[in-house]
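Dropping entry.cif in here (mmCIF, C-alpha atoms):
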```
data_coords
#
loop_
_atom_site.label_atom_id
_atom_site.label_comp_id
_atom_site.auth_asym_id
_atom_site.auth_seq_id
_atom_site.Cartn_x
_atom_site.Cartn_y
_atom_site.Cartn_z
CA ARG N 7 7.76 -41.20 3.90
CA LEU N 8 10.40 -38.52 3.30
CA LEU N 9 9.86 -35.96 0.60
CA ASN N 10 12.70 -35.79 -1.91
CA VAL N 11 13.59 -32.28 -3.04
CA ARG N 12 15.59 -31.99 -6.25
CA LEU N 13 17.59 -28.81 -6.68
CA THR N 14 18.65 -27.72 -10.14
CA SER N 15 21.27 -25.00 -10.47
CA ILE N 16 20.97 -22.93 -13.63
CA GLU N 17 23.83 -20.73 -14.80
CA PHE N 18 23.52 -17.97 -17.38
CA SER N 19 26.18 -16.69 -19.71
CA MET N 20 26.17 -13.20 -21.13
CA ALA N 21 28.18 -14.61 -24.05
CA THR N 22 25.03 -16.28 -25.34
CA GLY N 23 23.30 -12.93 -25.57
CA GLN N 24 20.63 -14.12 -23.15
CA TYR N 25 18.90 -11.51 -20.98
CA LYS N 26 20.57 -11.17 -17.56
CA PHE N 27 18.14 -11.13 -14.64
CA LYS N 28 18.96 -8.47 -12.04
CA GLU N 29 19.69 -9.51 -8.45
CA ARG N 30 17.06 -8.23 -6.03
CA PHE N 31 15.23 -8.71 -2.73
CA CYS N 32 11.86 -7.78 -1.19
CA HIS N 33 10.11 -8.95 -4.37
CA SER N 34 7.63 -11.77 -5.08
CA SER N 35 7.39 -14.43 -7.76
CA ILE N 36 4.37 -16.17 -9.27
CA VAL N 37 4.17 -19.23 -11.55
CA ILE N 38 1.47 -19.18 -14.24
CA ARG N 39 1.46 -21.95 -16.81
CA ASP N 40 5.12 -22.46 -17.88
CA ASN N 41 6.38 -19.06 -16.73
CA LEU N 42 7.75 -17.59 -13.51
CA TYR N 43 6.82 -13.90 -13.21
CA VAL N 44 8.97 -11.48 -11.17
CA TRP N 45 8.27 -7.77 -10.77
CA GLY N 46 9.80 -5.04 -8.66
CA GLY N 47 11.93 -5.50 -5.56
CA ILE N 48 15.05 -3.63 -4.50
CA HIS N 49 17.92 -3.95 -6.96
CA GLY N 50 20.87 -2.00 -8.25
CA GLY N 51 20.03 0.76 -10.66
CA LEU N 52 16.55 1.45 -9.29
CA PRO N 53 16.33 5.26 -8.97
CA GLN N 54 15.82 6.43 -5.37
CA VAL N 55 12.91 8.70 -6.22
CA HIS N 56 9.16 8.45 -5.82
CA ASP N 57 8.54 8.54 -9.55
CA ASN N 58 10.30 9.65 -12.71
CA GLU N 59 10.80 8.48 -16.29
CA GLU N 60 13.91 6.47 -15.45
CA LYS N 61 12.16 4.61 -12.62
CA ARG N 62 9.18 3.83 -14.85
CA LYS N 63 11.56 2.06 -17.21
CA PHE N 64 12.08 -0.46 -14.40
CA THR N 65 8.54 -0.67 -13.11
CA SER N 66 6.92 -0.84 -16.56
CA SER N 67 8.49 -4.19 -17.33
CA VAL N 68 8.18 -7.66 -15.84
CA ASP N 69 10.78 -10.44 -15.85
CA THR N 70 9.69 -13.93 -16.88
CA PHE N 71 11.54 -17.21 -16.59
CA HIS N 72 10.36 -19.84 -19.09
CA LEU N 73 10.56 -23.11 -17.13
CA PRO N 74 10.80 -25.58 -20.07
CA THR N 75 13.72 -23.70 -21.70
CA SER N 76 15.33 -22.09 -18.60
CA LYS N 77 15.42 -18.69 -20.27
CA TRP N 78 14.82 -15.24 -18.76
CA GLU N 79 13.03 -12.57 -20.72
CA ARG N 80 12.09 -8.98 -19.89
CA LYS N 81 8.63 -8.05 -21.14
CA SER N 82 7.31 -4.53 -21.56
CA THR N 83 3.92 -3.71 -20.07
CA THR N 84 1.28 -1.08 -20.72
CA GLY N 85 -0.91 0.83 -18.29
CA THR N 86 0.25 2.28 -14.96
CA PRO N 87 2.25 -0.08 -12.70
CA PRO N 88 2.08 0.05 -8.89
CA SER N 89 4.16 2.59 -6.98
CA GLY N 90 4.77 0.06 -4.18
CA VAL N 91 7.77 -1.57 -5.79
CA MET N 92 9.03 -3.44 -2.70
CA SER N 93 7.56 -5.55 0.13
CA TYR N 94 4.13 -5.64 -1.52
CA ALA N 95 1.63 -8.52 -1.22
CA CYS N 96 1.07 -10.65 -4.30
CA THR N 97 -1.13 -13.52 -5.49
CA HIS N 98 -2.79 -14.64 -8.72
CA ILE N 99 -6.13 -15.87 -10.04
CA GLY N 100 -5.90 -17.60 -13.40
CA ASN N 101 -3.86 -15.41 -15.76
CA THR N 102 -4.09 -12.29 -13.57
CA ILE N 103 -1.55 -11.31 -10.89
CA TYR N 104 -2.73 -9.00 -8.08
CA TYR N 105 -0.42 -6.63 -6.19
CA PHE N 106 -1.31 -4.76 -3.00
CA GLY N 107 0.47 -2.04 -1.04
CA GLY N 108 4.24 -1.95 -0.73
CA SER N 109 6.65 0.94 -0.54
CA CYS N 110 8.52 2.97 -3.14
CA GLU N 111 11.48 3.06 -0.66
CA VAL N 112 11.58 6.87 -0.67
CA ASN N 113 10.64 9.13 2.26
CA ASP N 114 8.73 6.33 4.03
CA CYS N 115 6.17 6.26 1.23
CA TYR N 116 3.69 3.39 1.79
CA HIS N 117 0.69 2.42 -0.34
CA ASN N 118 -2.69 0.68 -0.05
CA ASN N 119 -3.70 0.48 -3.71
CA LEU N 120 -4.63 -2.79 -5.42
CA TYR N 121 -3.39 -3.44 -8.96
CA GLU N 122 -3.77 -6.26 -11.45
CA LEU N 123 -1.47 -7.43 -14.24
CA ASN N 124 -3.04 -9.36 -17.10
CA THR N 125 -0.29 -11.79 -18.15
CA ILE N 126 -1.92 -12.39 -21.55
CA THR N 127 -1.93 -8.72 -22.61
CA ASN N 128 0.82 -7.59 -20.15
CA LYS N 129 -1.40 -4.64 -19.19
CA TRP N 130 -1.62 -3.08 -15.73
CA GLY N 131 -4.85 -1.79 -14.19
CA GLU N 132 -5.75 -0.34 -10.80
CA ILE N 133 -8.76 -1.90 -9.11
CA VAL N 134 -11.37 0.82 -8.65
CA ILE N 135 -12.87 0.95 -5.15
CA SER N 136 -16.55 1.85 -4.86
CA THR N 137 -16.26 3.60 -1.46
CA PRO N 138 -13.41 4.35 0.97
CA ASP N 139 -15.13 2.32 3.70
CA ASN N 140 -13.03 -0.44 5.29
CA VAL N 141 -9.96 0.31 3.18
CA PRO N 142 -6.79 -1.34 4.59
CA MET N 143 -4.07 0.90 6.00
CA ARG N 144 -1.04 1.78 3.88
CA LYS N 145 1.51 -0.97 4.57
CA ILE N 146 4.27 -3.38 3.66
CA GLY N 147 4.94 -6.98 4.69
CA CYS N 148 1.32 -8.16 4.59
CA GLY N 149 0.07 -11.40 3.03
CA MET N 150 -2.53 -11.95 0.31
CA ILE N 151 -4.15 -15.14 -1.05
CA SER N 152 -7.16 -15.94 -3.22
CA PHE N 153 -10.30 -18.07 -2.87
CA ASN N 154 -13.20 -18.98 -5.13
CA ILE N 155 -16.63 -19.30 -3.54
CA ASN N 156 -19.71 -20.03 -5.65
CA GLY N 157 -17.89 -18.92 -8.77
CA LYS N 158 -16.73 -15.61 -7.26
CA ASP N 159 -13.01 -14.84 -6.92
CA LYS N 160 -11.98 -13.19 -3.67
CA LEU N 161 -8.76 -11.85 -2.20
CA LEU N 162 -7.85 -12.17 1.48
CA LEU N 163 -5.40 -9.64 2.94
CA VAL N 164 -3.74 -10.20 6.35
CA GLY N 165 -1.49 -8.14 8.65
CA GLY N 166 1.37 -5.82 7.74
CA TYR N 167 3.32 -2.76 8.94
CA GLY N 168 3.04 0.92 8.05
CA PRO N 169 2.03 4.43 9.16
CA THR N 170 -0.56 4.35 11.94
CA PRO N 171 -3.92 5.00 10.26
CA VAL N 172 -6.31 7.74 11.31
CA THR N 173 -9.28 5.39 10.87
CA THR N 174 -8.94 1.96 12.48
CA HIS N 175 -11.13 -1.14 12.54
CA SER N 176 -12.70 -2.09 15.86
CA HIS N 177 -11.69 -5.77 15.78
CA SER N 178 -8.11 -5.13 14.63
CA GLN N 179 -5.04 -4.27 16.69
CA TYR N 180 -2.43 -1.64 15.89
CA VAL N 181 0.75 -2.08 17.95
CA PRO N 182 3.00 1.00 17.74
CA ASN N 183 6.69 0.70 17.01
CA PRO N 184 8.38 1.66 20.33
CA ASN N 185 11.10 3.46 18.36
CA ASP N 186 8.61 5.39 16.23
CA PRO N 187 4.98 5.47 17.44
CA ASN N 188 3.90 6.95 14.10
CA TYR N 189 4.23 3.42 12.67
CA CYS N 190 2.54 0.24 13.75
CA CYS N 191 2.17 -3.47 13.16
CA THR N 192 -1.38 -4.69 12.57
CA ASN N 193 -3.55 -7.79 12.31
CA GLU N 194 -6.09 -6.19 9.99
CA ILE N 195 -7.92 -8.75 7.86
CA HIS N 196 -9.79 -7.74 4.69
CA LEU N 197 -11.65 -9.40 1.85
CA MET N 198 -12.40 -8.17 -1.66
CA CYS N 199 -14.46 -9.77 -4.41
CA VAL N 200 -12.62 -9.12 -7.69
CA SER N 201 -15.30 -10.81 -9.81
CA SER N 202 -17.39 -7.64 -9.68
CA SER N 203 -16.58 -4.02 -10.46
CA PRO N 204 -16.08 -1.65 -8.79
CA GLY N 205 -14.40 -3.47 -5.93
CA GLN N 206 -15.17 -3.08 -2.25
CA TRP N 207 -13.08 -4.05 0.76
CA ILE N 208 -15.00 -5.73 3.58
CA VAL N 209 -13.96 -6.78 7.08
CA PRO N 210 -14.86 -10.47 7.48
CA VAL N 211 -16.03 -12.26 10.60
CA ILE N 212 -13.06 -13.93 12.32
CA THR N 213 -13.44 -17.11 14.36
CA GLY N 214 -10.88 -19.26 16.15
CA THR N 215 -7.52 -17.75 17.13
CA ARG N 216 -6.83 -14.51 15.32
CA PRO N 217 -3.11 -14.02 14.52
CA PRO N 218 -1.39 -11.22 16.46
CA PRO N 219 -0.25 -8.05 14.68
CA CYS N 220 2.51 -9.34 12.42
CA THR N 221 4.59 -8.54 9.34
CA GLY N 222 7.19 -10.32 7.25
CA PHE N 223 5.37 -13.68 7.36
CA THR N 224 4.36 -15.94 4.47
CA LEU N 225 0.79 -16.88 3.50
CA HIS N 226 -0.32 -19.49 0.96
CA THR N 227 -3.54 -20.85 -0.51
CA LEU N 228 -4.44 -24.52 -0.01
CA PRO N 229 -7.17 -26.51 -1.81
CA GLY N 230 -10.66 -26.40 -0.34
CA ASN N 231 -10.60 -22.63 0.38
CA ARG N 232 -7.94 -23.08 3.02
CA GLY N 233 -4.62 -21.40 3.71
CA VAL N 234 -1.49 -21.59 5.85
CA MET N 235 0.51 -18.77 7.48
CA PHE N 236 3.99 -19.07 9.01
CA GLY N 237 6.48 -16.90 10.92
CA GLY N 238 6.90 -13.14 10.83
CA VAL N 239 7.71 -10.26 13.17
CA THR N 240 5.58 -9.07 16.07
CA ILE N 241 6.23 -5.88 18.04
CA GLU N 242 6.41 -5.96 21.83
CA GLU N 243 7.49 -3.46 24.48
CA THR N 244 11.02 -4.85 24.29
CA GLY N 245 11.12 -4.50 20.52
CA GLU N 246 10.73 -6.84 17.58
CA HIS N 247 10.17 -10.56 18.10
CA ARG N 248 10.40 -13.18 15.35
CA VAL N 249 7.81 -15.91 15.75
CA ASP N 250 7.58 -19.55 14.68
CA ASP N 251 3.77 -19.81 14.72
CA VAL N 252 1.77 -21.75 12.16
CA PHE N 253 -1.86 -20.80 11.51
CA LEU N 254 -4.26 -22.81 9.37
CA LEU N 255 -7.23 -20.89 8.02
CA THR N 256 -10.51 -21.78 6.34
CA TYR N 257 -12.77 -19.47 4.36
CA SER N 258 -16.56 -19.81 4.29
CA GLN N 259 -19.14 -17.18 3.32
CA ASP N 260 -17.10 -14.12 4.36
CA THR N 261 -16.03 -15.83 7.60
CA ILE N 262 -12.37 -16.72 8.20
CA ASP N 263 -11.53 -19.33 10.82
CA PHE N 264 -7.94 -19.32 12.12
CA GLN N 265 -6.51 -22.27 14.04
CA LYS N 266 -3.06 -22.06 15.61
CA VAL N 267 -1.06 -25.27 15.32
CA VAL N 268 0.04 -26.58 18.72
CA LYS N 269 3.80 -27.01 19.03
CA PRO N 270 5.41 -29.99 20.79
CA GLY N 271 6.71 -29.45 24.32
CA ASP N 272 10.31 -29.74 23.16
CA THR N 273 10.75 -28.06 19.77
CA ARG N 274 14.50 -28.72 19.39
CA GLY N 275 15.10 -30.40 16.07
CA LYS N 276 11.34 -30.67 15.57
CA TRP N 277 10.32 -27.12 14.73
CA PRO N 278 12.03 -24.27 12.81
CA LYS N 279 13.24 -21.14 14.57
CA GLY N 280 11.16 -18.02 14.52
CA ARG N 281 11.94 -15.92 11.46
CA SER N 282 10.89 -13.16 9.09
CA LEU N 283 11.67 -12.28 5.48
CA HIS N 284 11.92 -16.00 4.74
CA ALA N 285 10.57 -17.64 1.59
CA SER N 286 8.10 -20.51 1.36
CA THR N 287 5.99 -22.38 -1.13
CA ILE N 288 3.50 -25.25 -1.30
CA ILE N 289 4.57 -28.66 -2.64
CA LYS N 290 2.13 -31.41 -3.57
CA THR N 291 2.98 -35.11 -3.43
CA ILE N 292 0.88 -38.09 -4.47
CA SER N 293 1.04 -41.23 -2.32
CA SER N 294 0.86 -44.83 -3.50
CA ASN N 295 -2.90 -44.81 -2.90
CA LYS N 296 -3.18 -41.70 -5.09
CA GLN N 297 -3.98 -39.36 -2.19
CA ASP N 298 -2.70 -35.78 -2.50
CA THR N 299 -0.56 -34.54 0.39
CA PHE N 300 0.46 -30.90 0.64
CA HIS N 301 3.63 -29.60 2.28
CA LEU N 302 4.87 -26.14 3.25
CA LEU N 303 8.55 -25.64 2.35
CA VAL N 304 10.31 -22.83 4.28
CA SER N 305 13.81 -21.57 3.53
CA GLY N 306 16.11 -18.97 5.08
CA GLY N 307 15.02 -15.64 6.52
CA LEU N 308 16.22 -13.54 9.47
CA ASP N 309 16.34 -14.88 13.03
CA GLU N 310 15.71 -13.10 16.33
CA ASN N 311 19.11 -11.37 16.10
CA GLU N 312 18.52 -10.37 12.45
CA LYS N 313 21.13 -12.90 11.31
CA THR N 314 20.47 -14.67 8.02
CA LEU N 315 19.34 -18.27 8.48
CA SER N 316 20.53 -21.05 6.18
CA ASP N 317 18.14 -23.87 7.07
CA CYS N 318 15.27 -25.42 5.12
CA TRP N 319 12.19 -27.09 6.64
CA ILE N 320 9.14 -28.90 5.32
CA LEU N 321 5.80 -29.11 7.15
CA ASN N 322 3.51 -32.02 6.27
CA LEU N 323 0.13 -30.28 6.28
CA SER N 324 -1.69 -33.56 7.00
CA SER N 325 0.34 -34.79 9.98
CA LEU N 326 1.44 -31.23 10.96
CA LYS N 327 4.97 -32.49 11.57
CA TRP N 328 8.10 -30.66 10.46
CA PHE N 329 11.31 -32.20 9.17
CA GLN N 330 14.53 -30.50 8.14
CA ILE N 331 16.31 -31.07 4.83
CA ASP N 332 19.86 -30.25 3.76
CA LEU N 333 20.34 -27.84 0.88
CA PRO N 334 23.43 -25.77 -0.05
CA GLU N 335 23.84 -22.48 1.82
CA SER N 336 24.13 -20.78 -1.58
CA VAL N 337 20.42 -21.54 -1.92
CA THR N 338 19.09 -21.26 1.63
CA LYS N 339 21.16 -18.48 3.27
CA ARG N 340 19.00 -15.61 2.08
CA GLY N 341 16.47 -13.06 3.31
CA GLY N 342 13.83 -11.14 1.41
CA HIS N 343 13.91 -13.73 -1.39
CA SER N 344 11.03 -15.65 -2.98
CA LEU N 345 9.93 -19.21 -3.74
CA SER N 346 7.20 -20.40 -6.10
#
```
Please express the file's structure as C-alpha cells.
Amino acid sequence: RLLNVRLTSIEFSMATGQYKFKERFCHSSIVIRDNLYVWGGIHGGLPQVHDNEEKRKFTSSVDTFHLPTSKWERKSTTGTPPSGVMSYACTHIGNTIYYFGGSCEVNDCYHNNLYELNTITNKWGEIVISTPDNVPMRKIGCGMISFNINGKDKLLLVGGYGPTPVTTHSHSQYVPNPNDPNYCCTNEIHLMCVSSSPGQWIVPVITGTRPPPCTGFTLHTLPGNRGVMFGGVTIEETGEHRVDDVFLLTYSQDTIDFQKVVKPGDTRGKWPKGRSLHASTIIKTISSNKQDTFHLLVSGGLDENEKTLSDCWILNLSSLKWFQIDLPESVTKRGGHSLS
C-alpha cells in the first residue's frame, strides 16, 4: 500500500510582526513535543570569525517552530553554546538535544566536543570527559543517534571528515583527501553513556559489514535499539564518490551489528541515486491490523557531479523496497537542508 505524504506550505508575513526565520544550510532540526528546534547552520549575517560578541548573539539563541500554531520564535539560551556551528551531528534524548563536532567555518576550524541543550531551561552544557582515551577525531558530516539499554542512555557516533588525527583507532580507517592529505574521511564508531558523569567515549565491537569511511550521510534511530544509515560521500583515488548504500544497524551490549542492504540487479527506477548533503526522516504508518511500519523518507542532496537533486524517495523498512514520490521542486531541490 502506497504511503500518502501531505505537504503543507506555510507562508510568513512580516506585517504581522511575527519573527522571521533566517534562511540557512548545514544545520539540523529536532522535534520535541510540539516544537521544532533549529540551531546554527550557515546563514547571512553570521560573522566570519572564530568567536566574538556579535557571533555569540547568533549562537546563544535557538529558533523554535510551534507546530500547532505554525509560529517561529527565537529563544535566548544560557551557558556556553558549541563552537561547531555548521555540519555538526545532532540527536536528542527526552528533552535534551546533543550536539557533536562541527566547524566554525573559519580557518578550517573543526571540533570534537559534545554539548547538550536542555530544552526546558534553554541552558547549554558541555559534557565533561573523564579521560582523553578513545576520543573521536575533530570532524564534520558525521552521524549521531541514541539508544537506551537497561535504563542507560547512550549515544552512537559514526563516520565523518576532518583533520587527520595524530592518534587513530586500530579498527577504523582514515582515507586521506587526495587534494589535501592533511584531511581524511573516516569510519570511526564511538559510544558514550550520557546517563553517568563524567562521560567516557568507548570504541564498540563491530560485527557484520562495517560502513566504509564516509561523510555527508544521514543516520536515524529505529525502535528496538536499531538504526538506518543512507548515502554520503566516500573518498577514492579518483576523488569523491557519492554512494547509495543503505545500512541497517542493531545495538546490543556495546556491540554494533551493521548489515548492508542488498540492491536489486537493475536499480533504475527502483533505487535512489547516490547522494550527500540530503535530508531524511523516519515516518511511521499503522496498517489495518494495527502493525507499525517504519519508512525512511529521503529528499534532495547533491549527486555525483555535485548538482542539486530534486527527487524524493521512501524506503519501506520492512520490505526494504524503495518507491519514488512527486513533490514540488521548491521543496525537494535542496542540499544541506534538514527534515524532522
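Using all atoms listed in the file, the residues found no farther than 6 Å from Thr83 in chain N, other than those of its own chain fewer than 6 positions away, are Ser66, Ser67, Asn128 and Lys129 of chain N.
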With 5 Å on each side, where is the centre of the axis-aligned box around all listed atoms of range 102-113 of chain N, and how long are its edges in Å to one decimal, as JSON?
```
{"center_x": 3.7, "center_y": -1.6, "center_z": -5.7, "size_x": 25.7, "size_y": 31.4, "size_z": 25.8}
```
Could you tell me, as a JSON list (two decimals) with C-alpha atoms, in the frame of the given file, exactly which residues end up selected when the PyMOL selection byres ((chain N and resi 97-113) around 9) is applied to this structure?
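Final output, saved to part.json:
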```json
[["chain", "number", "residue", "atom", "x", "y", "z"],
["N", 34, "SER", "CA", 7.63, -11.77, -5.08],
["N", 35, "SER", "CA", 7.39, -14.43, -7.76],
["N", 36, "ILE", "CA", 4.37, -16.17, -9.27],
["N", 37, "VAL", "CA", 4.17, -19.23, -11.55],
["N", 38, "ILE", "CA", 1.47, -19.18, -14.24],
["N", 39, "ARG", "CA", 1.46, -21.95, -16.81],
["N", 48, "ILE", "CA", 15.05, -3.63, -4.50],
["N", 54, "GLN", "CA", 15.82, 6.43, -5.37],
["N", 55, "VAL", "CA", 12.91, 8.70, -6.22],
["N", 56, "HIS", "CA", 9.16, 8.45, -5.82],
["N", 57, "ASP", "CA", 8.54, 8.54, -9.55],
["N", 88, "PRO", "CA", 2.08, 0.05, -8.89],
["N", 89, "SER", "CA", 4.16, 2.59, -6.98],
["N", 90, "GLY", "CA", 4.77, 0.06, -4.18],
["N", 91, "VAL", "CA", 7.77, -1.57, -5.79],
["N", 92, "MET", "CA", 9.03, -3.44, -2.70],
["N", 93, "SER", "CA", 7.56, -5.55, 0.13],
["N", 94, "TYR", "CA", 4.13, -5.64, -1.52],
["N", 95, "ALA", "CA", 1.63, -8.52, -1.22],
["N", 96, "CYS", "CA", 1.07, -10.65, -4.30],
["N", 114, "ASP", "CA", 8.73, 6.33, 4.03],
["N", 115, "CYS", "CA", 6.17, 6.26, 1.23],
["N", 116, "TYR", "CA", 3.69, 3.39, 1.79],
["N", 117, "HIS", "CA", 0.69, 2.42, -0.34],
["N", 118, "ASN", "CA", -2.69, 0.68, -0.05],
["N", 119, "ASN", "CA", -3.70, 0.48, -3.71],
["N", 120, "LEU", "CA", -4.63, -2.79, -5.42],
["N", 121, "TYR", "CA", -3.39, -3.44, -8.96],
["N", 122, "GLU", "CA", -3.77, -6.26, -11.45],
["N", 123, "LEU", "CA", -1.47, -7.43, -14.24],
["N", 124, "ASN", "CA", -3.04, -9.36, -17.10],
["N", 125, "THR", "CA", -0.29, -11.79, -18.15],
["N", 126, "ILE", "CA", -1.92, -12.39, -21.55],
["N", 143, "MET", "CA", -4.07, 0.90, 6.00],
["N", 144, "ARG", "CA", -1.04, 1.78, 3.88],
["N", 145, "LYS", "CA", 1.51, -0.97, 4.57],
["N", 146, "ILE", "CA", 4.27, -3.38, 3.66],
["N", 147, "GLY", "CA", 4.94, -6.98, 4.69],
["N", 148, "CYS", "CA", 1.32, -8.16, 4.59],
["N", 149, "GLY", "CA", 0.07, -11.40, 3.03],
["N", 150, "MET", "CA", -2.53, -11.95, 0.31],
["N", 151, "ILE", "CA", -4.15, -15.14, -1.05],
["N", 152, "SER", "CA", -7.16, -15.94, -3.22],
["N", 153, "PHE", "CA", -10.30, -18.07, -2.87],
["N", 159, "ASP", "CA", -13.01, -14.84, -6.92],
["N", 161, "LEU", "CA", -8.76, -11.85, -2.20],
["N", 163, "LEU", "CA", -5.40, -9.64, 2.94],
["N", 226, "HIS", "CA", -0.32, -19.49, 0.96]]
```
Using all atoms listed in the file, which protein or nucleic acid residues come within 8 Å of Asp260 in chain N? Drop anything in the same chain fewer than 3 positions from it, and give the result as a ChimeraX atom specification.
/N:197,210-211,257
Please list as a ChimeraX atom specification every residue within 10 Å of Val268 in chain N, counting all atoms listed in the file and excluding residues in the same chain fewer than 4 positions away.
/N:251-253,326
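Minimum atom-to-atom distance to Gln297 in chain N, evaluated using all atoms listed in the file, belongs to N:Ser324 out of N:Thr213, N:Ser324, N:Val249, N:Gly165.
Considering all atoms listed in the file, the residue among N:Val239, N:Thr299, N:Asn41, N:Ile262 positioned nearest to Ser325 in chain N is N:Thr299.
A straight line drawn from CA of Leu321 in chain N to CA of Phe300 in chain N is 8.6 Å long.
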Compile the contact shell of range 334-341 of chain N as a PyMOL selection string: residues with an atom at most 6 Å away, counting only C-alpha atoms, same-chain residues fewer than 3 positions apart removed.
chain N and resi 283-284+305-307+315-316
Spatial neighbours of range 77-80 of chain N, max dist 9 Å, only C-alpha atoms, sep filter under 6 positions, as a VMD selection string
chain N and resid 18 24 to 27 67 to 71
Those same residues, written as a short mmCIF file (atom, residue, chain, number, x, y, z; two decimals), in the coordinates of the input with C-alpha atoms?
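Okay, again30.cif is ready:
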```cif
data_model
loop_
_atom_site.label_atom_id
_atom_site.label_comp_id
_atom_site.auth_asym_id
_atom_site.auth_seq_id
_atom_site.Cartn_x
_atom_site.Cartn_y
_atom_site.Cartn_z
CA PHE N 18 23.52 -17.97 -17.38
CA GLN N 24 20.63 -14.12 -23.15
CA TYR N 25 18.90 -11.51 -20.98
CA LYS N 26 20.57 -11.17 -17.56
CA PHE N 27 18.14 -11.13 -14.64
CA SER N 67 8.49 -4.19 -17.33
CA VAL N 68 8.18 -7.66 -15.84
CA ASP N 69 10.78 -10.44 -15.85
CA THR N 70 9.69 -13.93 -16.88
CA PHE N 71 11.54 -17.21 -16.59
#
```
Selection dump of the PyMOL selection byres ((chain N and resi 327) around 12), as a VMD selection string:
chain N and resid 7 to 8 252 267 to 270 273 275 to 278 300 to 302 319 to 326 328 to 330
What do you get, as a compact mmCIF listing (two decimals) with C-alpha atoms, keeping the file's coordinate frame, if you spell out every residue that the PyMOL selection byres ((chain N and resi 179) around 10) selects here?
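And here is the file that came out, selection04.txt:
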```txt
# COMPACT_ATOMS: atom_id res chain seq x y z
CA GLY N 165 -1.49 -8.14 8.65
CA THR N 174 -8.94 1.96 12.48
CA HIS N 175 -11.13 -1.14 12.54
CA SER N 176 -12.70 -2.09 15.86
CA HIS N 177 -11.69 -5.77 15.78
CA SER N 178 -8.11 -5.13 14.63
CA TYR N 180 -2.43 -1.64 15.89
CA VAL N 181 0.75 -2.08 17.95
CA PRO N 182 3.00 1.00 17.74
CA CYS N 190 2.54 0.24 13.75
CA CYS N 191 2.17 -3.47 13.16
CA THR N 192 -1.38 -4.69 12.57
CA ASN N 193 -3.55 -7.79 12.31
CA GLU N 194 -6.09 -6.19 9.99
CA PRO N 218 -1.39 -11.22 16.46
CA PRO N 219 -0.25 -8.05 14.68
```
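With CA of Gly85 in chain N on one side and CA of Trp130 in chain N on the other, the separation reads 4.7 Å.
Here CA of Thr75 in chain N is placed at a distance of 20.1 Å from CA of Trp45 in chain N.
If you measure from each of N:Leu52, N:Gly271, N:Leu42, N:Leu345 to Pro74 in chain N using all atoms listed in the file, the closest one turns out to be N:Leu42.
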Among listed residues N:Ser294, N:Thr227, N:Thr287, N:Thr137, nearest Gln206 in chain N (using all atoms listed in the file):
N:Thr137
Rank N:Asn185, N:Thr173, N:Thr86, N:Thr314 by their smallest atom-to-atom distance to Gly245 in chain N, using all atoms listed in the file, and report the top residue only.
N:Asn185
For range 142-146 of chain N, where the input has fewer atoms than it should, I would like all heavy atoms rebuilt and written as a compact mmCIF listing (two decimals), keeping the file's coordinate frame.
```txt
# COMPACT_ATOMS: atom_id res chain seq x y z
N PRO N 142 -7.94 -1.00 3.75
CA PRO N 142 -6.79 -1.34 4.59
C PRO N 142 -5.84 -0.15 4.74
O PRO N 142 -5.80 0.74 3.89
CB PRO N 142 -6.12 -2.49 3.82
CG PRO N 142 -7.15 -3.01 2.88
CD PRO N 142 -8.02 -1.84 2.55
N MET N 143 -5.07 -0.15 5.80
CA MET N 143 -4.07 0.90 6.00
C MET N 143 -2.95 0.75 4.96
O MET N 143 -2.78 -0.29 4.34
CB MET N 143 -3.48 0.83 7.41
CG MET N 143 -2.76 -0.48 7.73
SD MET N 143 -2.09 -0.52 9.42
CE MET N 143 -0.38 -0.03 9.09
N ARG N 144 -2.21 1.82 4.75
CA ARG N 144 -1.04 1.78 3.88
C ARG N 144 0.03 0.92 4.58
O ARG N 144 0.33 1.16 5.76
CB ARG N 144 -0.52 3.19 3.61
CG ARG N 144 -1.49 4.03 2.81
CD ARG N 144 -0.96 5.44 2.56
NE ARG N 144 -0.92 6.23 3.79
CZ ARG N 144 0.17 6.83 4.25
NH1 ARG N 144 1.32 6.73 3.59
NH2 ARG N 144 0.13 7.54 5.36
N LYS N 145 0.61 -0.06 3.86
CA LYS N 145 1.51 -0.97 4.57
C LYS N 145 2.39 -1.79 3.65
O LYS N 145 2.18 -1.87 2.44
CB LYS N 145 0.68 -1.91 5.45
CG LYS N 145 -0.42 -2.67 4.73
CD LYS N 145 -1.29 -3.40 5.77
CE LYS N 145 -2.55 -3.99 5.14
NZ LYS N 145 -3.40 -4.65 6.15
N ILE N 146 3.38 -2.41 4.28
CA ILE N 146 4.27 -3.38 3.66
C ILE N 146 4.19 -4.67 4.46
O ILE N 146 3.61 -4.71 5.55
CB ILE N 146 5.73 -2.89 3.62
CG1 ILE N 146 6.25 -2.66 5.06
CG2 ILE N 146 5.86 -1.62 2.80
CD1 ILE N 146 7.73 -2.33 5.13
```
